[in-house]
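Pasting model.txt here (compact mmCIF, C-alpha atoms):
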# COMPACT_ATOMS: atom_id res chain seq x y z
CA MET P 1 -15.77 22.68 12.71
CA ALA P 2 -15.94 25.53 10.25
CA ASP P 3 -14.99 24.40 6.77
CA THR P 4 -12.55 27.22 6.01
CA ALA P 5 -9.83 27.09 3.40
CA GLN P 6 -7.17 27.18 6.09
CA LEU P 7 -8.63 24.21 7.95
CA VAL P 8 -8.93 22.19 4.76
CA LYS P 9 -5.34 23.04 3.82
CA ARG P 10 -4.16 22.01 7.28
CA SER P 11 -6.13 18.78 6.98
CA ARG P 12 -4.41 18.06 3.67
CA TYR P 13 -1.00 18.05 5.31
CA ALA P 14 -2.31 16.07 8.28
CA VAL P 15 -3.75 13.39 6.03
CA ALA P 16 -0.46 13.28 4.14
CA ALA P 17 1.30 12.64 7.46
CA VAL P 18 -1.21 9.87 8.22
CA PHE P 19 -0.36 8.21 4.90
CA CYS P 20 3.33 8.47 5.82
CA VAL P 21 2.75 6.82 9.22
CA HIS P 22 0.70 4.04 7.61
CA GLY P 23 3.43 3.35 5.07
CA SER P 24 6.09 3.32 7.78
CA VAL P 25 4.40 0.35 9.45
CA THR P 26 4.43 -1.59 6.19
CA GLY P 27 8.08 -0.80 5.54
CA SER P 28 9.03 -1.72 9.10
CA PHE P 29 7.37 -5.10 8.76
CA ALA P 30 8.60 -5.91 5.25
CA THR P 31 12.30 -5.56 6.01
CA ARG P 32 12.06 -8.00 8.91
CA VAL P 33 10.12 -10.75 7.11
CA PRO P 34 13.31 -12.88 6.82
CA TRP P 35 13.89 -12.53 10.59
CA ILE P 36 10.29 -13.47 11.34
CA GLN P 37 10.49 -16.45 8.98
CA GLU P 38 13.66 -17.72 10.63
CA HIS P 39 12.38 -17.03 14.16
CA SER P 40 9.16 -18.94 13.48
CA GLY P 41 10.97 -21.76 11.64
CA LEU P 42 8.89 -21.53 8.46
CA SER P 43 9.52 -22.78 4.94
CA ALA P 44 8.83 -20.55 1.94
CA GLY P 45 5.45 -22.22 1.46
CA GLU P 46 4.50 -21.80 5.11
CA LEU P 47 5.55 -18.17 5.03
CA GLY P 48 3.45 -17.69 1.91
CA LEU P 49 0.47 -19.24 3.68
CA ALA P 50 0.93 -16.95 6.67
CA LEU P 51 1.17 -13.92 4.39
CA ALA P 52 -2.30 -14.74 3.05
CA PHE P 53 -3.83 -13.87 6.41
CA PRO P 54 -3.41 -10.10 6.13
CA ALA P 55 -5.64 -10.34 3.04
CA ILE P 56 -8.21 -12.36 4.96
CA GLY P 57 -8.15 -9.93 7.87
CA ALA P 58 -8.50 -6.93 5.56
CA ALA P 59 -11.38 -8.51 3.64
CA LEU P 60 -13.22 -9.15 6.90
CA MET P 61 -12.58 -5.76 8.51
CA MET P 62 -12.35 -3.17 5.72
CA PRO P 63 -16.16 -2.84 5.40
CA LEU P 64 -16.32 -1.75 9.05
CA ALA P 65 -14.17 1.35 8.55
CA ALA P 66 -16.84 3.44 6.82
CA ARG P 67 -19.39 2.54 9.48
CA ILE P 68 -16.98 3.44 12.28
CA SER P 69 -16.33 6.82 10.65
CA HIS P 70 -20.07 7.30 10.21
CA ARG P 71 -20.73 6.65 13.89
CA PHE P 72 -17.82 8.44 15.56
CA GLY P 73 -16.74 11.02 13.00
CA THR P 74 -13.69 10.99 10.76
CA ARG P 75 -11.17 12.32 13.28
CA THR P 76 -11.95 9.93 16.14
CA ALA P 77 -12.30 6.97 13.78
CA LEU P 78 -9.02 7.63 12.01
CA ARG P 79 -7.15 8.20 15.27
CA ALA P 80 -8.37 4.90 16.72
CA LEU P 81 -7.95 2.82 13.57
CA LEU P 82 -4.47 4.17 12.88
CA ALA P 83 -3.41 3.40 16.47
CA LEU P 84 -4.67 -0.19 16.15
CA TRP P 85 -2.64 -0.55 12.95
CA THR P 86 0.60 0.87 14.34
CA LEU P 87 0.37 -1.25 17.50
CA SER P 88 -0.36 -4.42 15.50
CA LEU P 89 3.20 -4.20 14.16
CA ILE P 90 4.39 -5.72 17.43
CA LEU P 91 2.49 -9.00 17.07
CA PRO P 92 4.18 -10.93 14.20
CA SER P 93 7.70 -10.92 15.62
CA PHE P 94 6.57 -12.61 18.87
CA THR P 95 5.00 -15.65 17.20
CA PRO P 96 6.76 -19.00 17.77
CA GLY P 97 5.19 -20.88 14.85
CA LEU P 98 2.88 -20.94 11.87
CA LEU P 99 -0.48 -20.89 13.64
CA THR P 100 0.33 -17.98 15.91
CA LEU P 101 1.89 -16.05 13.02
CA CYS P 102 -1.29 -16.55 10.97
CA ALA P 103 -3.36 -15.21 13.88
CA ALA P 104 -1.06 -12.21 14.32
CA LEU P 105 -1.15 -11.41 10.60
CA LEU P 106 -4.94 -11.72 10.60
CA VAL P 107 -5.05 -8.87 13.11
CA TYR P 108 -2.28 -7.02 11.27
CA GLY P 109 -4.19 -7.14 7.99
CA GLY P 110 -7.53 -6.27 9.54
CA THR P 111 -6.25 -3.15 11.24
CA SER P 112 -4.28 -2.17 8.14
CA GLY P 113 -7.36 -2.42 5.94
CA MET P 114 -9.58 -0.37 8.24
CA ALA P 115 -7.02 2.40 8.64
CA ASP P 116 -6.39 2.36 4.89
CA VAL P 117 -10.06 2.83 4.05
CA ALA P 118 -10.49 5.61 6.60
CA MET P 119 -7.49 7.63 5.45
CA ASN P 120 -8.27 7.24 1.74
CA ALA P 121 -11.89 8.26 2.27
CA LEU P 122 -10.75 11.34 4.16
CA GLY P 123 -8.18 12.09 1.47
CA VAL P 124 -10.91 11.99 -1.18
CA GLU P 125 -13.05 14.37 0.90
CA VAL P 126 -10.19 16.83 1.32
CA GLU P 127 -9.46 16.61 -2.40
CA HIS P 128 -13.11 17.41 -3.13
CA ARG P 129 -13.05 20.46 -0.88
CA LEU P 130 -9.78 21.72 -2.34
CA GLN P 131 -11.16 21.15 -5.85
CA LYS P 132 -7.85 19.75 -7.08
CA SER P 133 -6.24 16.34 -7.06
CA ILE P 134 -4.00 15.40 -4.15
CA MET P 135 -4.34 11.61 -4.15
CA SER P 136 -1.16 10.92 -6.10
CA GLY P 137 0.82 12.99 -3.63
CA LEU P 138 -0.85 11.23 -0.71
CA HIS P 139 0.14 7.87 -2.11
CA GLY P 140 3.62 9.29 -2.59
CA MET P 141 3.68 10.10 1.11
CA TRP P 142 2.69 6.51 1.85
CA SER P 143 5.66 5.34 -0.21
CA LEU P 144 7.89 7.82 1.59
CA GLY P 145 6.72 6.34 4.87
CA ALA P 146 7.43 2.85 3.60
CA LEU P 147 10.91 4.07 2.63
CA ILE P 148 11.53 5.49 6.10
CA GLY P 149 10.26 2.34 7.79
CA SER P 150 12.30 0.06 5.55
CA ALA P 151 15.42 2.21 5.95
CA VAL P 152 15.18 1.93 9.72
CA GLY P 153 14.53 -1.78 9.33
CA THR P 154 17.63 -2.14 7.15
CA VAL P 155 19.76 -0.47 9.81
CA ALA P 156 18.22 -2.66 12.50
CA ALA P 157 18.81 -5.82 10.47
CA HIS P 158 22.40 -4.80 9.70
CA ALA P 159 23.00 -4.14 13.41
CA ASP P 160 21.49 -7.55 14.25
CA VAL P 161 18.74 -5.97 16.37
CA SER P 162 15.88 -8.40 16.86
CA ALA P 163 12.61 -7.65 15.08
CA GLN P 164 10.91 -7.76 18.49
CA VAL P 165 12.89 -4.82 19.88
CA HIS P 166 12.78 -2.98 16.56
CA HIS P 167 9.00 -3.31 16.19
CA ILE P 168 8.18 -2.38 19.77
CA ILE P 169 10.12 0.88 19.43
CA ALA P 170 8.70 1.58 15.97
CA ALA P 171 5.13 0.89 17.10
CA ILE P 172 5.39 3.27 20.06
CA VAL P 173 6.90 6.07 17.97
CA LEU P 174 4.41 5.68 15.12
CA THR P 175 1.41 5.45 17.46
CA VAL P 176 2.36 8.73 19.12
CA LEU P 177 2.98 10.43 15.76
CA GLY P 178 -0.32 9.15 14.43
CA ALA P 179 -2.26 10.44 17.43
CA VAL P 180 -0.67 13.88 17.05
CA VAL P 181 -1.32 14.36 13.32
CA CYS P 182 -4.88 13.03 13.56
CA GLN P 183 -5.72 16.05 15.73
CA PHE P 184 -5.53 18.21 12.59
CA VAL P 185 -7.67 16.24 10.11
CA LEU P 186 -11.21 17.29 9.23
CA ASN P 187 -13.75 16.12 11.78
CA ILE P 188 -16.75 15.22 9.62
CA HIS P 189 -19.96 13.86 11.09
CA PRO P 190 -22.92 12.58 9.07
CA GLU P 191 -26.29 14.28 9.02
CA GLU P 192 -28.72 12.96 11.61
CA ASP P 193 -30.93 11.29 8.99
CA GLU P 194 -28.03 9.97 6.87
CA GLU P 195 -28.07 6.22 6.37
CA PRO P 196 -24.94 4.21 7.31
CA PRO P 197 -22.77 3.34 4.30
CA ALA P 198 -23.06 0.00 2.53
CA ARG P 199 -20.89 -2.80 3.87
CA PHE P 200 -19.36 -3.67 0.51
CA ALA P 201 -19.16 -2.11 -2.96
CA LEU P 202 -18.53 -4.24 -6.03
CA PRO P 203 -17.06 -2.33 -8.95
CA PRO P 204 -19.39 -1.56 -11.86
CA ARG P 205 -18.66 -3.30 -15.14
CA SER P 206 -17.12 -0.13 -16.54
CA ALA P 207 -14.42 -0.30 -13.86
CA LEU P 208 -13.52 -3.98 -14.07
CA LEU P 209 -10.69 -3.57 -16.59
CA ILE P 210 -9.41 -0.58 -14.63
CA GLY P 211 -9.40 -2.72 -11.52
CA ALA P 212 -7.56 -5.47 -13.40
CA VAL P 213 -4.77 -3.07 -14.39
CA GLY P 214 -4.55 -1.88 -10.80
CA PHE P 215 -4.49 -5.51 -9.67
CA CYS P 216 -1.40 -6.22 -11.80
CA ALA P 217 0.42 -3.14 -10.53
CA VAL P 218 -0.32 -3.77 -6.87
CA PHE P 219 0.49 -7.47 -7.22
CA ALA P 220 3.98 -6.54 -8.42
CA GLU P 221 4.27 -3.97 -5.64
CA GLY P 222 3.20 -6.37 -2.88
CA ALA P 223 5.39 -9.18 -4.18
CA SER P 224 8.44 -6.92 -4.37
CA LEU P 225 7.87 -5.25 -1.04
CA ASP P 226 7.50 -8.46 0.98
CA TRP P 227 9.77 -10.83 -0.98
CA SER P 228 12.66 -8.70 -2.28
CA ALA P 229 14.71 -9.19 0.89
CA VAL P 230 13.99 -12.93 0.93
CA TYR P 231 14.89 -13.13 -2.77
CA LEU P 232 18.33 -11.60 -2.23
CA ARG P 233 18.97 -13.79 0.80
CA ASP P 234 17.81 -17.12 -0.65
CA VAL P 235 18.55 -16.76 -4.38
CA LEU P 236 21.69 -14.62 -4.28
CA ALA P 237 23.02 -15.53 -0.81
CA SER P 238 23.16 -11.91 0.34
CA SER P 239 23.72 -10.83 3.94
CA PRO P 240 20.69 -9.73 6.00
CA GLY P 241 21.69 -6.08 5.76
CA VAL P 242 22.13 -6.17 1.97
CA ALA P 243 18.92 -8.17 1.56
CA ALA P 244 16.93 -5.64 3.57
CA GLY P 245 18.44 -2.93 1.37
CA ALA P 246 16.52 -4.31 -1.60
CA THR P 247 13.26 -3.43 0.14
CA THR P 248 14.57 0.03 0.93
CA GLY P 249 15.62 0.57 -2.69
CA PHE P 250 12.22 -0.52 -3.93
CA ALA P 251 10.44 1.81 -1.50
CA LEU P 252 12.77 4.67 -2.52
CA THR P 253 11.97 4.41 -6.22
CA MET P 254 8.25 4.10 -5.46
CA ALA P 255 8.35 7.26 -3.35
CA ILE P 256 10.30 9.30 -5.91
CA ALA P 257 8.11 8.18 -8.82
CA ARG P 258 4.86 8.96 -6.98
CA LEU P 259 6.00 12.31 -5.66
CA THR P 260 7.12 13.39 -9.15
CA GLY P 261 4.42 11.54 -11.06
CA ASP P 262 1.96 14.44 -11.28
CA ALA P 263 4.26 16.48 -13.54
CA ILE P 264 4.90 13.49 -15.80
CA VAL P 265 1.20 12.67 -16.17
CA ASN P 266 0.34 16.29 -16.89
CA ARG P 267 3.06 16.35 -19.57
CA PHE P 268 2.39 13.04 -21.30
CA GLY P 269 -1.08 11.93 -20.20
CA ALA P 270 -2.21 8.88 -18.25
CA VAL P 271 -2.08 6.34 -21.07
CA ARG P 272 1.42 7.14 -22.30
CA THR P 273 2.70 7.36 -18.74
CA VAL P 274 1.35 3.93 -17.79
CA ARG P 275 2.46 2.36 -21.07
CA TRP P 276 6.06 3.46 -20.56
CA SER P 277 5.87 2.70 -16.86
CA GLY P 278 4.80 -0.84 -17.70
CA LEU P 279 7.78 -1.27 -20.00
CA ILE P 280 10.12 -0.04 -17.26
CA ALA P 281 8.57 -2.54 -14.84
CA VAL P 282 9.04 -5.36 -17.36
CA ILE P 283 12.72 -4.48 -17.73
CA GLY P 284 13.03 -4.48 -13.95
CA GLY P 285 11.37 -7.88 -13.65
CA VAL P 286 13.64 -9.40 -16.29
CA LEU P 287 16.66 -7.94 -14.50
CA VAL P 288 15.55 -9.50 -11.20
CA VAL P 289 15.04 -12.90 -12.79
CA LEU P 290 18.39 -12.86 -14.60
CA ALA P 291 20.37 -11.02 -11.92
CA PRO P 292 23.84 -12.50 -11.36
CA ASN P 293 24.39 -10.55 -8.15
CA ALA P 294 22.69 -8.46 -5.49
CA VAL P 295 23.39 -5.12 -7.19
CA ALA P 296 21.63 -6.16 -10.38
CA ALA P 297 18.66 -7.56 -8.46
CA MET P 298 18.33 -4.39 -6.39
CA ALA P 299 18.37 -2.33 -9.59
CA GLY P 300 15.66 -4.58 -10.99
CA PHE P 301 13.45 -4.13 -7.94
CA GLY P 302 14.01 -0.38 -8.21
CA LEU P 303 12.81 -0.37 -11.82
CA ILE P 304 9.73 -2.36 -10.84
CA GLY P 305 9.04 0.30 -8.23
CA ILE P 306 9.28 3.08 -10.83
CA GLY P 307 7.07 1.13 -13.23
CA VAL P 308 4.14 0.49 -10.91
CA ALA P 309 4.23 3.68 -8.81
CA VAL P 310 1.65 5.88 -10.54
CA VAL P 311 -0.76 3.19 -11.73
CA VAL P 312 -3.06 3.04 -8.70
CA PRO P 313 -3.65 6.82 -8.39
CA LEU P 314 -4.40 6.93 -12.13
CA ALA P 315 -6.70 3.92 -11.79
CA PHE P 316 -8.72 5.80 -9.16
CA VAL P 317 -9.04 8.80 -11.47
CA ALA P 318 -10.11 6.61 -14.40
CA ALA P 319 -12.60 4.78 -12.18
CA ALA P 320 -14.18 8.07 -11.12
CA ARG P 321 -14.74 8.89 -14.80
CA SER P 322 -15.92 5.42 -15.80
CA GLY P 323 -19.50 5.46 -14.51
CA SER P 324 -22.30 7.54 -13.11
CA ASN P 325 -21.34 6.90 -9.48
CA ALA P 326 -17.72 7.90 -8.94
CA SER P 327 -17.56 6.81 -5.29
CA HIS P 328 -18.95 3.39 -6.12
CA ALA P 329 -16.42 2.85 -8.91
CA ILE P 330 -13.46 4.05 -6.82
CA ALA P 331 -14.48 1.86 -3.87
CA GLY P 332 -14.74 -1.19 -6.10
CA VAL P 333 -11.40 -0.60 -7.82
CA ALA P 334 -9.76 0.04 -4.44
CA THR P 335 -11.09 -3.29 -3.16
CA ILE P 336 -9.58 -5.12 -6.14
CA THR P 337 -6.22 -3.36 -6.03
CA TYR P 338 -5.67 -3.53 -2.29
CA ALA P 339 -6.73 -7.17 -2.19
CA SER P 340 -4.08 -7.82 -4.85
CA GLY P 341 -1.35 -6.35 -2.67
CA LEU P 342 -2.43 -8.44 0.28
CA VAL P 343 -2.69 -11.77 -1.57
CA ALA P 344 0.40 -11.30 -3.74
CA PRO P 345 2.94 -12.26 -1.05
CA SER P 346 1.15 -15.53 -0.31
CA ILE P 347 0.83 -16.44 -3.99
CA ILE P 348 4.53 -15.72 -4.48
CA GLY P 349 5.30 -18.02 -1.55
CA GLY P 350 3.10 -20.77 -2.95
CA ILE P 351 4.81 -20.60 -6.33
CA ALA P 352 8.21 -20.56 -4.62
CA GLN P 353 7.29 -23.66 -2.63
CA ALA P 354 6.23 -25.48 -5.80
CA SER P 355 9.27 -24.33 -7.78
CA ASN P 356 11.49 -21.44 -6.64
CA LEU P 357 11.48 -17.69 -6.12
CA THR P 358 12.91 -17.04 -9.57
CA VAL P 359 9.82 -18.58 -11.14
CA SER P 360 7.69 -16.46 -8.82
CA PHE P 361 9.18 -13.29 -10.23
CA ILE P 362 8.78 -14.54 -13.77
CA VAL P 363 5.05 -14.46 -12.98
CA VAL P 364 5.42 -10.93 -11.62
CA THR P 365 7.19 -9.87 -14.81
CA VAL P 366 4.41 -11.30 -16.97
CA LEU P 367 1.84 -9.31 -14.99
CA THR P 368 3.76 -6.08 -15.55
CA VAL P 369 3.47 -6.68 -19.30
CA ALA P 370 -0.27 -6.17 -18.84
CA LEU P 371 0.36 -2.61 -17.64
CA ALA P 372 1.80 -1.64 -21.01
CA VAL P 373 -0.76 -3.61 -23.02
CA PHE P 374 -3.88 -2.41 -21.21
CA ALA P 375 -2.78 1.16 -20.45
CA PRO P 376 -5.55 2.61 -22.71
CA VAL P 377 -8.25 1.57 -20.21
CA LEU P 378 -6.93 4.31 -17.91
CA ARG P 379 -7.85 7.00 -20.45
CA THR P 380 -10.20 9.50 -18.80
CA ARG P 381 -13.09 11.29 -20.47
CA ALA P 382 -11.79 14.70 -19.50
CA ARG P 383 -8.53 16.24 -18.41
CA VAL P 384 -7.85 15.59 -14.71
CA ASP P 385 -4.88 17.03 -12.82
CA VAL P 386 -3.39 13.93 -11.21
Using the file provided, produce a representation of the structure as structure tokens.
Amino acid sequence: MADTAQLVKRSRYAVAAVFCVHGSVTGSFATRVPWIQEHSGLSAGELGLALAFPAIGAALMMPLAARISHRFGTRTALRALLALWTLSLILPSFTPGLLTLCAALLVYGGTSGMADVAMNALGVEVEHRLQKSIMSGLHGMWSLGALIGSAVGTVAAHADVSAQVHHIIAAIVLTVLGAVVCQFVLNIHPEEDEEPPARFALPPRSALLIGAVGFCAVFAEGASLDWSAVYLRDVLASSPGVAAGATTGFALTMAIARLTGDAIVNRFGAVRTVRWSGLIAVIGGVLVVLAPNAVAAMAGFGLIGIGVAVVVPLAFVAAARSGSNASHAIAGVATITYASGLVAPSIIGGIAQASNLTVSFIVVTVLTVALAVFAPVLRTRARVDV
């Protein structure tokens, strides 16, 4: 395929649509976690255990994504991996108990991780060819997709539609959309003598603190996305429809903050942006913990969403500037941050089982403090438009 400006521009929009589809699966699942928990007859601790399995699946399967792209080309690999991810949405709602849910979420996490690696790698390549940053906007499109998925899930929950019916329909629609948009991404094949990529990339020492900041942000994001609906239901006795609305509100603020974040970063810089974002997230966490009603809690989750939204894209930029091998540093930081989002829900469930969900979100609030304190580690060596 000729690498013309028009093709690269078209691929940019196609990759953005892929991010949106990927996020829609996450939002569709998150809003129905209470239904799945009740259907499977799980306690908070058992649900937390089950929610650890996406992290296990991703850790096992993410290293395969680069090799699949290397062998089949970026377009074929992304099309196949995205389809596996969208179709895996069907599995969790059909599980009758803990063991089967763990198995379903193992597949769910594995396919999510592979598709995530493939689309981010392609996004980085498109960004390189455009010679300007697009990653923040791509992550904003992921959040927009999560918003769309969670909004549909909220309507389905309010209408008392089973998660099984909801997820079958969503999976079919998203699989078709994914297949269509993948036709327009860059189709990159390696050179004949190019070695397959490494199976795993640990972050260099220069990127460890950056990864730690990203870890805190994504932990708060994962905890809020998967547990906000359960929090409103169990702590504040909200109806299923209102509880699911908390997830939608969180996804909405994340999407808005990421889609508008570029202008804010360009105006105030990465460090000041993350410092103030961290403070906003702390206020949101305190509001969730002290919330007397559903409205206050939903506002708190929204503020957490605003506070953590731009941290990961800025962490990737800082990682690229932190060492001699930008790809190595970004891959390592991505491994840390994405693992955080996958393990956060299970840790929150474990804490809730030992105490309660309010204590769980006290922990989340403490982690958001780190965003404000350690914001200077995201300072880049040169101006970057992100």
Problem set entry | Within 9 Å of Ala83 (chain P) using all atoms listed in the file, minus same-chain residues under 6 positions, as an MDAnalysis selection string | chainID P and resid 111 115 171 174:176 178:179
With a cut-off of 9 Å, could you pull out the residues of region 4-96 of chain P touching region 339-343 of chain P and give me the nearest pair of atoms for each, distance in Å to one decimal, using only C-alpha atoms, ordered by chain and ascending number, as CSV?
residue,atom,partner,partner_atom,distance
P:Leu51,CA,P:Val343,CA,7.4
P:Ala52,CA,P:Val343,CA,5.5
P:Phe53,CA,P:Leu342,CA,8.3
P:Pro54,CA,P:Leu342,CA,6.2
P:Ala55,CA,P:Leu342,CA,4.6
P:Ile56,CA,P:Leu342,CA,8.4
P:Ala58,CA,P:Ala339,CA,8.0
P:Ala59,CA,P:Ala339,CA,7.6
For this session: Within 8 Å of His189 (chain P), counting only C-alpha atoms, which residues show up once you throw out same-chain ones fewer than 3 positions away? Write them as number ranges by chain, please.
Result: P: 69-74
Exercise. Near Phe361 (chain P), within 12 Å and counting all atoms listed in the file, which residues show up once chain neighbours fewer than 5 positions away are dropped, as a PyMOL selection string?
Worked result: chain P and resi 219-224+227-228+231+235+281-282+284-291+297+300-301+304+344-345+347-349+351-352+355-356+366-368
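Take CA of Leu259 (chain P) and CA of Thr76 (chain P): the distance between them is 28.3 Å.
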For this session: Considering all atoms listed in the file, state which residue in the set P:Ile336, P:Ala151, P:Cys20, P:Val373 is at the smallest distance from Leu177 (chain P).
Result: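 Once distances to Leu177 (chain P) are computed over all atoms listed in the file, the minimum belongs to P:Cys20.
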Problem set entry | Option closest in space to Thr100 (chain P), from P:Ala80, P:Met254, P:Leu87, P:Leu42 [counting only C-alpha atoms] |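 Ranked by minimum distance to Thr100 (chain P), first place goes to P:Leu42.
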Exercise. For Arg79 (chain P), which of P:Asn187, P:Ser322, P:Thr253, P:Thr4 is the closest residue, counting all atoms listed in the file?
Worked result: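 Result for the nearest residue to Arg79 (chain P): P:Asn187.
Distances to Phe19 (chain P) were evaluated for P:Leu138, P:Cys102, P:Ala207, P:Val295 using all atoms listed in the file, and the minimum falls at P:Leu138.
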